[in-house]
Protein chains: 4
Amino acid sequence: MSIKVGIVGISGFGGGEALRICAAHPSFELIYAAGESSAGQKLADRFPALPAKLSNLVIEKWDPAALPADLDVLFASLPTGDSKEALARVPARVKIVDIGGDHRYVEGWTYGLADVWPDQIVGKTRIANPGCYPAATLTALAPLLAAGLIEPHGIIIDAKTGVSGAGRGGGDSKFGYAEVNEDLMAYGLLKHTHMPEMTATISRISGTRAEGLVFTPHLVPMTRGILSTIYCRGKATTEQCLDAAKKFYAGRPFVRVTTAPPHTKWATGSNLAFVSYAADPARNLVMALGAVDNLGTGAAGQAVQNANLITGQAETAGLEGMSSWP
Amino acid sequence: MSIKVGIVGISGFGGGEALRICAAHPSFELIYAAGESSAGQKLADRFPALPAKLSNLVIEKWDPAALPADLDVLFASLPTGDSKEALARVPARVKIVDIGGDHRYVEGWTYGLADVWPDQIVGKTRIANPGCYPAATLTALAPLLAAGLIEPHGIIIDAKTGVSGAGRGGGDSKFGYAEVNEDLMAYGLLKHTHMPEMTATISRISGTRAEGLVFTPHLVPMTRGILSTIYCRGKATTEQCLDAAKKFYAGRPFVRVTTAPPHTKWATGSNLAFVSYAADPARNLVMALGAVDNLGTGAAGQAVQNANLITGQAETAGLEGMSSWP
Amino acid sequence: MSIKVGIVGISGFGGGEALRICAAHPSFELIYAAGESSAGQKLADRFPALPAKLSNLVIEKWDPAALPADLDVLFASLPTGDSKEALARVPARVKIVDIGGDHRYVEGWTYGLADVWPDQIVGKTRIANPGCYPAATLTALAPLLAAGLIEPHGIIIDAKTGVSGAGRGGGDSKFGYAEVNEDLMAYGLLKHTHMPEMTATISRISGTRAEGLVFTPHLVPMTRGILSTIYCRGKATTEQCLDAAKKFYAGRPFVRVTTAPPHTKWATGSNLAFVSYAADPARNLVMALGAVDNLGTGAAGQAVQNANLITGQAETAGLEGMSSWP
Amino acid sequence: MSIKVGIVGISGFGGGEALRICAAHPSFELIYAAGESSAGQKLADRFPALPAKLSNLVIEKWDPAALPADLDVLFASLPTGDSKEALARVPARVKIVDIGGDHRYVEGWTYGLADVWPDQIVGKTRIANPGCYPAATLTALAPLLAAGLIEPHGIIIDAKTGVSGAGRGGGDSKFGYAEVNEDLMAYGLLKHTHMPEMTATISRISGTRAEGLVFTPHLVPMTRGILSTIYCRGKATTEQCLDAAKKFYAGRPFVRVTTAPPHTKWATGSNLAFVSYAADPARNLVMALGAVDNLGTGAAGQAVQNANLITGQAETAGLEGMSSWP
């Protein structure tokens, strides 16, 4: 029997990728799509590649009080700040995966770091999907923290994202093609909004209140992809790190441990995450690398993985595709 | 029961896309992969996103005399000129879809323009897959030619391809990133190799020996996508052209007729083809536009569609995914 | 003695390129910069690479009645429709080069096709700079029309522009990086605003009222560059076309006639224009190709060339730089 | 009187940019260009935008024993390893700026970190131009090291380069457009060739043998630009760092100290270097950022600056142009 799903924030990048995955999902049936600016439009007019089976859907005006009676799961992909009040009004019978940032480490919501703690997600009904930078970063760090191979303090995260990770914006020309193309920059030095979520998770896995995290996001001229290059203190060898990761992710379907530094493109269009490590015990240095698609593991891919977990589907349902090459 | 398939030319772009599609195909089982430079390598080392079920495959040295005994279909994606002799040595029991250019309009081979004449493909065992430029062009022209809305003579095709359409090359720096990025050029003026294939097909559909075809390919700084902008002589109106295309492709799963000029990205990563038209009877002018993914309808997507047709699968099996956005 | 120049529309792409060229011009002194949204800002805050000598300039609120008393030349780079009334109020003593589209083929203004008719520009005080598409197209066509090698009727112009040619926009997300990257499309079929300007110029050079012009613009994922691929009727050979162009542009500093199809990047960052030809008399076909930087010959470069001509400077002053490679 | 200059390695990216700058230099006259694969070709055939005054130059076969008798300065831009022996055979009367990597911190050669120690370059005849990563990195670090605001030990350099920084290669498809586009990766973890040069310079400026340097290069899908994001130990505030840099670079023409994190594009096509800082004394953390054009300050721009210094020209001669925007 199919799971009835809906997406709000359908015209954003996260919503669009959720649509693409749900449209091909073997047990999900998309019955509801909502947005703000796009309300009233036929879904097929916005997505020219929409499959015929969804061609009758119309984008609804977003109203948590007017959801279909048989809706099982709602994916919410709204700008930060826009969803707190509205999602509180969604009936309890509807499970929610919030791809946006408003419910991470909020009471009553489970932080859905699906590759790391799937068991804590099963059975829940309110999931806060990790941010894109945390997804890339924490997937790489988790095995080291769990094995005690690095200190949880003073971790330096130098992260780089493609432009779709910055959101579609409301027409802000700072993300215009001619502005972003052939350019690279750091931003939000020493104060990015994703810091609390990462500090909380690092603390949780390590069992110690993590201090002194440094996080520097960069905007890279590409559409998709996040690479997190992480510098930690620790005496482990490269082999110990790789082994710890292989053990930690043994049997997990989406995380791949590689000896070579991962390319972001290895993940593009998929829900795969690639992690790798390089260490120099003499320098008390452990480097961790995590590469994901910011719209895959970093948003809609992991959201569907979470939805699979809370609806009792196979964790990999709808998420088995390879990444795109070239 | 699964169809056993193999791919030769696995490390080229066409072979890689065939792999991606076959790996997710509901009834195809990939049992053989072969190449030249990559022979001996594990397939998983070349494709880090390879699904676990294929992780034991090793890339074989290409040898038509040493194919697996139970192979049903071979996808050949070899450089032009390399496959004629070799494919002649493939046992008759193995069906072949040749993605390369050596067997188009060659006796004993069926030109696999799958969206246009699926019925002529069913039951065949030797399929020559259309070239990427012809795929975009002929899909747009076919309805007009079939309905007699344009003259088959003097058609001007101004086509633009992403870089993967030019092949992976043997390390030719003219396709290097720094060379191609932020550049645009026409090439092969008045003498491109795809001309005979297009002339033959236009003649076949129109029932007249087509004359005076003009074809200008351009290289565009993007990885995937082909757009063909076509100028024809004809007295039809825009509406007549759109109607003819809707009728011609009624019930066909992959071709979409749009009123707005199609974006190549609408097709990226899928087997969809978008066609549109604009006409000015006063000027005796009909414009046709065709947009496809050069590795989708332009190569591996259509190849799988052809394989579906010759093995009795649903035509859309493995090809139902939406394109990627953004 | 230096020529005092000013730029209005300083925060657009055309204005920015005019600034870059004027800042390095041997005889121009920039004394005035104006804008709308950026008024009040220091010019150096908007342009981090501004030379020290200009660091005291502040962006003024655009007001044609409040220009500096000693201003010699004003470059206007305003959105189409915004400049007609305002520029009428500029004092007669100030020469104007209008990079925008409001004064092309308007009485009292000279159409500044500088590479083609420099003599008609010398001595004038109101210059309408050609549009970017016309610049690429007409530079290629002029020699053929002047020599009578092609018919002026039924010319088909298939043109492709980088994104900066579409203007900076007011934050329209349709030019967002993630939307435009890896995409290609045609637009404005059979009705682009540059048509009248091209028809008028073709008629003027050929001495015949040109009919049936077809113009199809395309948006290409690159920042700069325009290529115009043009299909004409004519019995000339390739050599005759190349010879005609070499003769037509003999001694002209910026137009280069090449036997190979030109790359747009050959022109990027310069005021150079590249033209080439290929013909097939048997098919009554002449192809012309024109490649320019849409912000160079297509906007600010040609504007400075025009300003040189009307102020008695060397035509090449400030415009001698090579294009950028890679 | 003009300085006669030559370039060997003319068909590489560094050589090409040296050509572009020298061609517009007010006192340099290019009289010699040499290469390997391109020898015998007319320079104008390789560089379609070459100014007419250089159109008679032919690319010579590189032979240090056959240099023009009146050559004053030779720019060498050869692959690492190729220049040591050959440059030793250049007559002493010819000054050399080696853009390649073979003479950095080699006896008899001066390391030409021109923005930092111009006085040590004046009067020399053998200059080893800094590598592109060191140029971006050391320009940002120098003021902090000189003022003792950071420890010279344990500095972490997370650097990102555009593809032209990786060189043109001999047709290696790993830098092919379709491979690099939409991809991002780290490489050479814990062992890049630029490490010794950076360690030596940091030691020299700080007066202490620097230990524990960590350097991670990344390849970014853009043609030009390097950003170095640097993490240091130190108790300074952001303001102290900015002030130290402003003082250090007071009167220096090419380095700009900015409060906002610099964009690489601010430097593209120019010899400008942008540095910025952010610090958190509570965490013992100082961040430094350096952005340059890898072919400007990172190669040919700084090479010309060095040539100006050793030939008694104004340091800024030929290098005053603004960067390109957009």
# chains A, B, ... in the order shown; residues from 1 in each chain; ligands from 1

call {"tool": "interface_residues", "arguments": {"of": "chain C", "to": "chain B", "cutoff": "6 Å", "atoms": "only C-alpha atoms", "output": "mmCIF file with C-alpha atoms, in the first residue's frame"}}
result
data_model
loop_
_atom_site.group_PDB
_atom_site.id
_atom_site.type_symbol
_atom_site.label_atom_id
_atom_site.label_comp_id
_atom_site.auth_asym_id
_atom_site.auth_seq_id
_atom_site.Cartn_x
_atom_site.Cartn_y
_atom_site.Cartn_z
ATOM 1 C CA ALA C 178 21.801 27.532 -10.336
ATOM 2 C CA GLU C 182 24.374 23.838 -17.283
ATOM 3 C CA ASP C 183 21.405 25.152 -19.262
ATOM 4 C CA LEU C 184 20.903 26.495 -22.736
ATOM 5 C CA MET C 185 17.806 27.925 -24.366
ATOM 6 C CA ALA C 186 16.475 30.047 -27.177
ATOM 7 C CA MET C 222 28.985 31.784 -19.637
ATOM 8 C CA PRO C 261 35.461 29.763 -36.973
ATOM 9 C CA HIS C 263 35.969 31.482 -30.470
ATOM 10 C CA THR C 264 34.161 34.086 -28.383
ATOM 11 C CA LYS C 265 37.030 33.916 -25.900
ATOM 12 C CA PRO C 326 42.646 31.344 -20.524
#

call {"tool": "residues_around", "arguments": {"residues": "Ile31 in chain C", "least_positions_apart": "5", "cutoff": "7 Å", "atoms": "only C-alpha atoms", "output": "list in words"}}
result
Lys4, Val5 and Gly6 of chain C

call {"tool": "write_last_selection", "arguments": {"atoms": "N, CA and C atoms", "output": "PDB file, in the first residue's frame"}}
result
ATOM      1  N   LYS C   4      37.388  64.956 -19.735  1.00  0.00           N
ATOM      2  CA  LYS C   4      36.671  64.609 -18.502  1.00  0.00           C
ATOM      3  C   LYS C   4      35.437  63.778 -18.850  1.00  0.00           C
ATOM      4  N   VAL C   5      35.374  62.578 -18.277  1.00  0.00           N
ATOM      5  CA  VAL C   5      34.251  61.696 -18.613  1.00  0.00           C
ATOM      6  C   VAL C   5      33.462  61.300 -17.372  1.00  0.00           C
ATOM      7  N   GLY C   6      32.218  60.920 -17.627  1.00  0.00           N
ATOM      8  CA  GLY C   6      31.346  60.448 -16.563  1.00  0.00           C
ATOM      9  C   GLY C   6      30.581  59.217 -17.030  1.00  0.00           C
TER      10      GLY C   6
END

call {"tool": "residues_around", "arguments": {"residues": "Pro134 in chain D", "least_positions_apart": "6", "cutoff": "8 Å", "atoms": "only C-alpha atoms", "output": "MDAnalysis selection string"}}
result
chainID D and resid 194 197:198 298

call {"tool": "write_last_selection", "arguments": {"atoms": "N, CA and C atoms", "output": "PDB file, in the first residue's frame"}}
result
ATOM      1  N   HIS D 194      54.345  22.705  -2.689  1.00  0.00           N
ATOM      2  CA  HIS D 194      54.547  24.098  -2.289  1.00  0.00           C
ATOM      3  C   HIS D 194      54.900  24.268  -0.816  1.00  0.00           C
ATOM      4  N   GLU D 197      58.539  25.902   0.281  1.00  0.00           N
ATOM      5  CA  GLU D 197      58.599  27.327  -0.027  1.00  0.00           C
ATOM      6  C   GLU D 197      57.827  28.160   1.002  1.00  0.00           C
ATOM      7  N   MET D 198      56.704  27.635   1.448  1.00  0.00           N
ATOM      8  CA  MET D 198      55.920  28.380   2.433  1.00  0.00           C
ATOM      9  C   MET D 198      56.567  28.306   3.811  1.00  0.00           C
ATOM     10  N   GLY D 298      49.797  35.401  -8.719  1.00  0.00           N
ATOM     11  CA  GLY D 298      50.256  34.019  -8.571  1.00  0.00           C
ATOM     12  C   GLY D 298      51.189  33.544  -9.666  1.00  0.00           C
TER      13      GLY D 298
END

call {"tool": "residues_around", "arguments": {"residues": "Ala236 in chain C", "least_positions_apart": "2", "cutoff": "8 Å", "atoms": "only C-alpha atoms", "output": "VMD selection string"}}
result
chain C and resid 149 to 150 234 238 240 to 241 279 to 281 286

call {"tool": "write_last_selection", "arguments": {"atoms": "all heavy atoms", "output": "PDB file, in the first residue's frame"}}
result
ATOM      1  N   LEU C 149      27.761  40.613 -52.047  1.00  0.00           N
ATOM      2  CA  LEU C 149      27.981  39.160 -52.120  1.00  0.00           C
ATOM      3  C   LEU C 149      26.806  38.348 -51.594  1.00  0.00           C
ATOM      4  O   LEU C 149      26.742  37.142 -51.797  1.00  0.00           O
ATOM      5  CB  LEU C 149      29.259  38.776 -51.373  1.00  0.00           C
ATOM      6  CG  LEU C 149      30.561  39.329 -51.968  1.00  0.00           C
ATOM      7  CD1 LEU C 149      31.758  38.943 -51.097  1.00  0.00           C
ATOM      8  CD2 LEU C 149      30.767  38.792 -53.379  1.00  0.00           C
ATOM      9  N   ILE C 150      25.919  38.990 -50.854  1.00  0.00           N
ATOM     10  CA  ILE C 150      24.734  38.292 -50.340  1.00  0.00           C
ATOM     11  C   ILE C 150      23.508  39.136 -50.614  1.00  0.00           C
ATOM     12  O   ILE C 150      23.582  40.349 -50.792  1.00  0.00           O
ATOM     13  CB  ILE C 150      24.834  38.021 -48.820  1.00  0.00           C
ATOM     14  CG1 ILE C 150      25.070  39.344 -48.062  1.00  0.00           C
ATOM     15  CG2 ILE C 150      25.922  37.010 -48.508  1.00  0.00           C
ATOM     16  CD1 ILE C 150      24.937  39.211 -46.553  1.00  0.00           C
ATOM     17  N   GLY C 234      23.452  33.649 -51.293  1.00  0.00           N
ATOM     18  CA  GLY C 234      24.481  34.303 -52.103  1.00  0.00           C
ATOM     19  C   GLY C 234      25.293  33.256 -52.832  1.00  0.00           C
ATOM     20  O   GLY C 234      25.348  32.099 -52.420  1.00  0.00           O
ATOM     21  N   THR C 238      33.795  30.993 -50.354  1.00  0.00           N
ATOM     22  CA  THR C 238      34.403  31.330 -49.068  1.00  0.00           C
ATOM     23  C   THR C 238      35.519  32.342 -49.271  1.00  0.00           C
ATOM     24  O   THR C 238      35.628  33.333 -48.527  1.00  0.00           O
ATOM     25  CB  THR C 238      34.968  30.044 -48.409  1.00  0.00           C
ATOM     26  OG1 THR C 238      33.897  29.109 -48.244  1.00  0.00           O
ATOM     27  CG2 THR C 238      35.580  30.350 -47.052  1.00  0.00           C
ATOM     28  N   GLN C 240      36.004  34.508 -51.665  1.00  0.00           N
ATOM     29  CA  GLN C 240      35.500  35.841 -52.010  1.00  0.00           C
ATOM     30  C   GLN C 240      35.017  36.585 -50.764  1.00  0.00           C
ATOM     31  O   GLN C 240      35.239  37.781 -50.612  1.00  0.00           O
ATOM     32  CB  GLN C 240      34.360  35.726 -53.021  1.00  0.00           C
ATOM     33  CG  GLN C 240      34.838  35.362 -54.426  1.00  0.00           C
ATOM     34  CD  GLN C 240      33.687  35.124 -55.385  1.00  0.00           C
ATOM     35  OE1 GLN C 240      32.724  34.436 -55.050  1.00  0.00           O
ATOM     36  NE2 GLN C 240      33.793  35.686 -56.588  1.00  0.00           N
ATOM     37  N   CYS C 241      34.376  35.856 -49.877  1.00  0.00           N
ATOM     38  CA  CYS C 241      33.875  36.491 -48.645  1.00  0.00           C
ATOM     39  C   CYS C 241      35.037  36.948 -47.768  1.00  0.00           C
ATOM     40  O   CYS C 241      35.046  38.077 -47.256  1.00  0.00           O
ATOM     41  CB  CYS C 241      32.979  35.514 -47.876  1.00  0.00           C
ATOM     42  SG  CYS C 241      31.481  35.058 -48.770  1.00  0.00           S
ATOM     43  N   ALA C 279      31.204  29.327 -47.340  1.00  0.00           N
ATOM     44  CA  ALA C 279      30.159  29.454 -48.354  1.00  0.00           C
ATOM     45  C   ALA C 279      30.095  28.221 -49.232  1.00  0.00           C
ATOM     46  O   ALA C 279      31.074  27.479 -49.372  1.00  0.00           O
ATOM     47  CB  ALA C 279      30.414  30.686 -49.220  1.00  0.00           C
ATOM     48  N   ASP C 280      28.930  27.997 -49.804  1.00  0.00           N
ATOM     49  CA  ASP C 280      28.752  26.911 -50.763  1.00  0.00           C
ATOM     50  C   ASP C 280      27.889  27.440 -51.919  1.00  0.00           C
ATOM     51  O   ASP C 280      26.660  27.420 -51.834  1.00  0.00           O
ATOM     52  CB  ASP C 280      28.072  25.719 -50.073  1.00  0.00           C
ATOM     53  CG  ASP C 280      27.953  24.545 -51.020  1.00  0.00           C
ATOM     54  OD1 ASP C 280      28.268  24.702 -52.227  1.00  0.00           O
ATOM     55  OD2 ASP C 280      27.535  23.467 -50.579  1.00  0.00           O
ATOM     56  N   PRO C 281      28.558  27.908 -52.940  1.00  0.00           N
ATOM     57  CA  PRO C 281      27.800  28.516 -54.051  1.00  0.00           C
ATOM     58  C   PRO C 281      26.755  27.568 -54.619  1.00  0.00           C
ATOM     59  O   PRO C 281      25.677  28.007 -55.023  1.00  0.00           O
ATOM     60  CB  PRO C 281      28.887  28.832 -55.087  1.00  0.00           C
ATOM     61  CG  PRO C 281      30.173  28.878 -54.327  1.00  0.00           C
ATOM     62  CD  PRO C 281      30.011  27.935 -53.184  1.00  0.00           C
ATOM     63  N   VAL C 286      25.745  31.427 -48.021  1.00  0.00           N
ATOM     64  CA  VAL C 286      26.919  32.059 -47.429  1.00  0.00           C
ATOM     65  C   VAL C 286      26.718  32.113 -45.921  1.00  0.00           C
ATOM     66  O   VAL C 286      25.698  32.598 -45.445  1.00  0.00           O
ATOM     67  CB  VAL C 286      27.126  33.491 -47.969  1.00  0.00           C
ATOM     68  CG1 VAL C 286      28.228  34.206 -47.180  1.00  0.00           C
ATOM     69  CG2 VAL C 286      27.473  33.451 -49.450  1.00  0.00           C
TER      70      VAL C 286
END

call {"tool": "residues_around", "arguments": {"residues": "Thr201 in chain B", "least_positions_apart": "3", "cutoff": "12 Å", "atoms": "only C-alpha atoms", "output": "ChimeraX atom specification"}}
result
/B:104-105,110-113,116-117,130-131,134-135,137-139,141-142,145-146,152,194-198,204-211,213

call {"tool": "residues_around", "arguments": {"residues": "Ser77 in chain A", "least_positions_apart": "4", "cutoff": "9 Å", "atoms": "only C-alpha atoms", "output": "NGL selection string"}}
result
:A and (7-10 or 12-15 or 18 or 83 or 97-101 or 299-300)

call {"tool": "closest_residue", "arguments": {"among": "A:Val58, A:Ala303, A:Val73, A:Ala49", "to": "Val255 in chain B", "atoms": "only C-alpha atoms"}}
result
A:Ala49

call {"tool": "select_by_dssp", "arguments": {"residues": "range 70-144 of chain B", "states": "strand (DSSP E or B)", "output": "PyMOL selection string"}}
result
chain B and resi 73-76+95-98+110-111+126-128

call {"tool": "write_last_selection", "arguments": {"atoms": "all heavy atoms", "output": "mmCIF file, in the first residue's frame"}}
result
data_model
loop_
_atom_site.group_PDB
_atom_site.id
_atom_site.type_symbol
_atom_site.label_atom_id
_atom_site.label_comp_id
_atom_site.auth_asym_id
_atom_site.auth_seq_id
_atom_site.Cartn_x
_atom_site.Cartn_y
_atom_site.Cartn_z
ATOM 1 N N VAL B 73 22.206 -8.828 -24.203
ATOM 2 C CA VAL B 73 22.323 -7.554 -24.940
ATOM 3 C C VAL B 73 23.681 -6.937 -24.660
ATOM 4 O O VAL B 73 24.113 -6.862 -23.511
ATOM 5 C CB VAL B 73 21.225 -6.554 -24.503
ATOM 6 C CG1 VAL B 73 21.385 -5.227 -25.247
ATOM 7 C CG2 VAL B 73 19.838 -7.122 -24.709
ATOM 8 N N LEU B 74 24.313 -6.463 -25.716
ATOM 9 C CA LEU B 74 25.565 -5.730 -25.563
ATOM 10 C C LEU B 74 25.361 -4.289 -26.005
ATOM 11 O O LEU B 74 24.932 -4.040 -27.137
ATOM 12 C CB LEU B 74 26.667 -6.372 -26.417
ATOM 13 C CG LEU B 74 28.031 -5.674 -26.378
ATOM 14 C CD1 LEU B 74 28.695 -5.824 -25.017
ATOM 15 C CD2 LEU B 74 28.943 -6.201 -27.477
ATOM 16 N N PHE B 75 25.668 -3.359 -25.103
ATOM 17 C CA PHE B 75 25.726 -1.943 -25.486
ATOM 18 C C PHE B 75 27.158 -1.637 -25.889
ATOM 19 O O PHE B 75 28.085 -1.851 -25.091
ATOM 20 C CB PHE B 75 25.321 -1.041 -24.320
ATOM 21 C CG PHE B 75 23.892 -1.188 -23.894
ATOM 22 C CD1 PHE B 75 23.551 -1.986 -22.793
ATOM 23 C CD2 PHE B 75 22.874 -0.547 -24.587
ATOM 24 C CE1 PHE B 75 22.231 -2.126 -22.395
ATOM 25 C CE2 PHE B 75 21.548 -0.683 -24.195
ATOM 26 C CZ PHE B 75 21.216 -1.482 -23.097
ATOM 27 N N ALA B 76 27.347 -1.137 -27.111
ATOM 28 C CA ALA B 76 28.688 -0.792 -27.572
ATOM 29 C C ALA B 76 28.807 0.719 -27.666
ATOM 30 O O ALA B 76 28.028 1.364 -28.355
ATOM 31 C CB ALA B 76 28.968 -1.432 -28.919
ATOM 32 N N LYS B 95 22.143 -9.754 -28.751
ATOM 33 C CA LYS B 95 21.624 -8.542 -29.384
ATOM 34 C C LYS B 95 22.590 -7.384 -29.131
ATOM 35 O O LYS B 95 23.245 -7.322 -28.093
ATOM 36 C CB LYS B 95 20.244 -8.213 -28.819
ATOM 37 C CG LYS B 95 19.186 -9.274 -29.123
ATOM 38 C CD LYS B 95 17.837 -8.861 -28.537
ATOM 39 C CE LYS B 95 16.743 -9.843 -28.898
ATOM 40 N NZ LYS B 95 16.875 -11.168 -28.187
ATOM 41 N N ILE B 96 22.666 -6.466 -30.083
ATOM 42 C CA ILE B 96 23.592 -5.335 -29.938
ATOM 43 C C ILE B 96 22.854 -4.014 -30.131
ATOM 44 O O ILE B 96 22.054 -3.873 -31.062
ATOM 45 C CB ILE B 96 24.732 -5.388 -30.986
ATOM 46 C CG1 ILE B 96 25.474 -6.734 -30.925
ATOM 47 C CG2 ILE B 96 25.714 -4.237 -30.781
ATOM 48 C CD1 ILE B 96 26.572 -6.865 -31.990
ATOM 49 N N VAL B 97 23.114 -3.077 -29.246
ATOM 50 C CA VAL B 97 22.748 -1.683 -29.495
ATOM 51 C C VAL B 97 24.066 -0.922 -29.591
ATOM 52 O O VAL B 97 24.794 -0.802 -28.606
ATOM 53 C CB VAL B 97 21.872 -1.105 -28.375
ATOM 54 C CG1 VAL B 97 21.538 0.361 -28.682
ATOM 55 C CG2 VAL B 97 20.606 -1.934 -28.195
ATOM 56 N N ASP B 98 24.357 -0.419 -30.790
ATOM 57 C CA ASP B 98 25.617 0.302 -31.005
ATOM 58 C C ASP B 98 25.386 1.795 -30.804
ATOM 59 O O ASP B 98 24.757 2.464 -31.629
ATOM 60 C CB ASP B 98 26.153 0.036 -32.415
ATOM 61 C CG ASP B 98 27.543 0.647 -32.602
ATOM 62 O OD1 ASP B 98 28.080 1.235 -31.639
ATOM 63 O OD2 ASP B 98 28.079 0.557 -33.722
ATOM 64 N N THR B 110 19.394 -1.766 -37.906
ATOM 65 C CA THR B 110 18.218 -0.905 -37.888
ATOM 66 C C THR B 110 18.565 0.407 -37.199
ATOM 67 O O THR B 110 19.108 0.402 -36.098
ATOM 68 C CB THR B 110 17.068 -1.600 -37.116
ATOM 69 O OG1 THR B 110 16.756 -2.819 -37.803
ATOM 70 C CG2 THR B 110 15.845 -0.709 -37.012
ATOM 71 N N TYR B 111 18.248 1.509 -37.874
ATOM 72 C CA TYR B 111 18.503 2.820 -37.276
ATOM 73 C C TYR B 111 17.460 3.054 -36.190
ATOM 74 O O TYR B 111 16.263 3.156 -36.465
ATOM 75 C CB TYR B 111 18.439 3.898 -38.364
ATOM 76 C CG TYR B 111 18.820 5.283 -37.904
ATOM 77 C CD1 TYR B 111 20.136 5.578 -37.558
ATOM 78 C CD2 TYR B 111 17.866 6.300 -37.825
ATOM 79 C CE1 TYR B 111 20.492 6.863 -37.147
ATOM 80 C CE2 TYR B 111 18.218 7.581 -37.415
ATOM 81 C CZ TYR B 111 19.532 7.851 -37.074
ATOM 82 O OH TYR B 111 19.891 9.116 -36.666
ATOM 83 N N ARG B 126 20.060 -6.036 -34.218
ATOM 84 C CA ARG B 126 21.215 -5.155 -34.450
ATOM 85 C C ARG B 126 20.703 -3.732 -34.608
ATOM 86 O O ARG B 126 20.141 -3.377 -35.640
ATOM 87 C CB ARG B 126 21.992 -5.563 -35.720
ATOM 88 C CG ARG B 126 22.700 -6.926 -35.654
ATOM 89 C CD ARG B 126 23.889 -6.858 -34.718
ATOM 90 N NE ARG B 126 24.626 -8.104 -34.576
ATOM 91 C CZ ARG B 126 24.340 -9.045 -33.668
ATOM 92 N NH1 ARG B 126 23.300 -8.910 -32.870
ATOM 93 N NH2 ARG B 126 25.130 -10.105 -33.566
ATOM 94 N N ILE B 127 20.911 -2.906 -33.583
ATOM 95 C CA ILE B 127 20.370 -1.541 -33.594
ATOM 96 C C ILE B 127 21.512 -0.529 -33.621
ATOM 97 O O ILE B 127 22.418 -0.577 -32.783
ATOM 98 C CB ILE B 127 19.503 -1.282 -32.336
ATOM 99 C CG1 ILE B 127 18.413 -2.351 -32.198
ATOM 100 C CG2 ILE B 127 18.927 0.133 -32.364
ATOM 101 C CD1 ILE B 127 17.369 -2.322 -33.279
ATOM 102 N N ALA B 128 21.437 0.385 -34.582
ATOM 103 C CA ALA B 128 22.366 1.516 -34.603
ATOM 104 C C ALA B 128 21.675 2.702 -33.944
ATOM 105 O O ALA B 128 20.683 3.216 -34.461
ATOM 106 C CB ALA B 128 22.743 1.860 -36.033
#
